[in-house]
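Visitor: Pasting a structure below so you can have a look.
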Amino acid sequence: GDSVTQMEGPVTLSEEAFLTINCTYTATGYPSLFWYVQYPGEGLQLLLKATKADDKGSNKGFEATYRKETTSFHLEKGSVQVSDSAVYFCALSDRGYGGSQGNLIFGKGTKLSVKP
Amino acid sequence: DTAVSQTPKYLVTQMGNDKSIKCEQNLGHDTMYWYKQDSKKFLKIMFSYNNKELIINETVPNRFSPKSPDKAHLNLHINSLELGDSAVYFCASSQDRNSPLHFGNGTRLTVT
């Protein structure tokens, strides 16, 4: 079945460091891909998404590019802040084109801690 | 003015008990969901309702029964609780199945 694999955490960085969180997926068909973020004590929030190959999702300085050839959707940020400390979840929707999120399959989550 | 609210935030109970978790959204969304996050942080969908109608029912024991009295509410009732039910349960909603999900803050259920 469809699945998402994220790099193991936790990831600890100093403020202004470059961030990459790797995400690869296995899917039949053409999934849409997402990154969600969970701040301490809160529910998940959509961070960004991409619905087809070569699309780049971006939000709050974070970016991820849908790479069909490598089945990847790595999350990057050029300069992290303490306020970015959270758990980041990569996810795919197995409902095909259109970005339908009716059945999201999540990765395990990667905890990011940013130190001042 | 919380968008998706769940109660209670924490729930500690003994094996064999029956408990409910309530969820309400004030976003006017048509679709609501229940997700389970286990101790390894895996998030899995359990149920999805659209306009009070069940549309997704993943492989979940029938001890779990969702109830949607109206579009803004999706409650989760669990009978005969087991140790393995301990997890964080997240409610979510979306305008439709093509729109982003808005999650509640979760309910941490501990079964002793």
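In the structure tokens, chains take letters A, B, ... by order of appearance, with residues numbered from 1 within each chain and ligands from 1 in the order shown.
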Set the distance at 9 Å and use only C-alpha atoms: which residues neighbour Tyr36 in chain A once local chain neighbours fewer than 6 positions away are removed? I'd like the list as a ChimeraX atom specification.
Guide: /A:44-49,87-91
Visitor: Residues at most 10 Å from range 63-75 of chain B, counting only C-alpha atoms, excluding those fewer than 4 positions away in the same chain, as a PyMOL selection string?
Guide: chain B and resi 4-7+18-34+46-54+57+79-82+85+91-93
Visitor: Identify all chain A residues at most 12 Å from chain B by counting only C-alpha atoms; ligands do not count. Present them as a VMD selection string.
Guide: chain A and resid 3 to 6 8 to 9 32 to 51 87 to 111
Visitor: Go through chain B and collect every residue that DSSP, computed from the backbone, puts in strand (DSSP E or B); the answer should be as an NGL selection string.
Guide: :B and (4-7 or 10-13 or 19-25 or 31-37 or 43-50 or 53-57 or 64-70 or 73-78 or 87-94 or 102-103 or 107-111)
Visitor: Ranking A:Glu16, A:Thr24, A:Tyr30, A:Gln81 by minimum distance to Thr65 in chain A and counting only C-alpha atoms, which one comes first?
Guide: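 Counting only C-alpha atoms, the residue closest to Thr65 in chain A is A:Thr24.
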Visitor: For range 27-59 of chain A against range 66-71 of chain A, with a cut-off of 6 Å and counting only C-alpha atoms, what is the closest atom pair and its distance in Å to one decimal for every residue that makes the cut, ordered by chain and number, as JSON lines?
Guide:
{"residue": "A:Ala53", "atom": "CA", "partner": "A:Tyr66", "partner_atom": "CA", "distance": 5.2}
{"residue": "A:Asp54", "atom": "CA", "partner": "A:Tyr66", "partner_atom": "CA", "distance": 5.0}
{"residue": "A:Asp55", "atom": "CA", "partner": "A:Tyr66", "partner_atom": "CA", "distance": 5.5}
Visitor: For the selection you just gave me, I'd like the residues written to a file as a PDB file, in the first residue's frame, keeping C-alpha atoms.
Guide:
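Wrote selection-v8.pdb, looks like this:
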ATOM      1  CA  ALA A  53       5.125  16.537 -10.308  1.00  0.00           C
ATOM      2  CA  ASP A  54       7.587  19.455 -10.283  1.00  0.00           C
ATOM      3  CA  ASP A  55       5.207  21.644  -8.281  1.00  0.00           C
TER       4      ASP A  55
END
Visitor: In Å, how far is it from CA of Ser58 in chain A to CA of Pro116 in chain A?
Guide: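 Between CA of Ser58 in chain A and CA of Pro116 in chain A the gap is 24.2 Å.
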Visitor: In Å, how far is it from CA of Asn22 in chain A to CA of Tyr89 in chain B?
Guide: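 It comes out at 25.9 Å.
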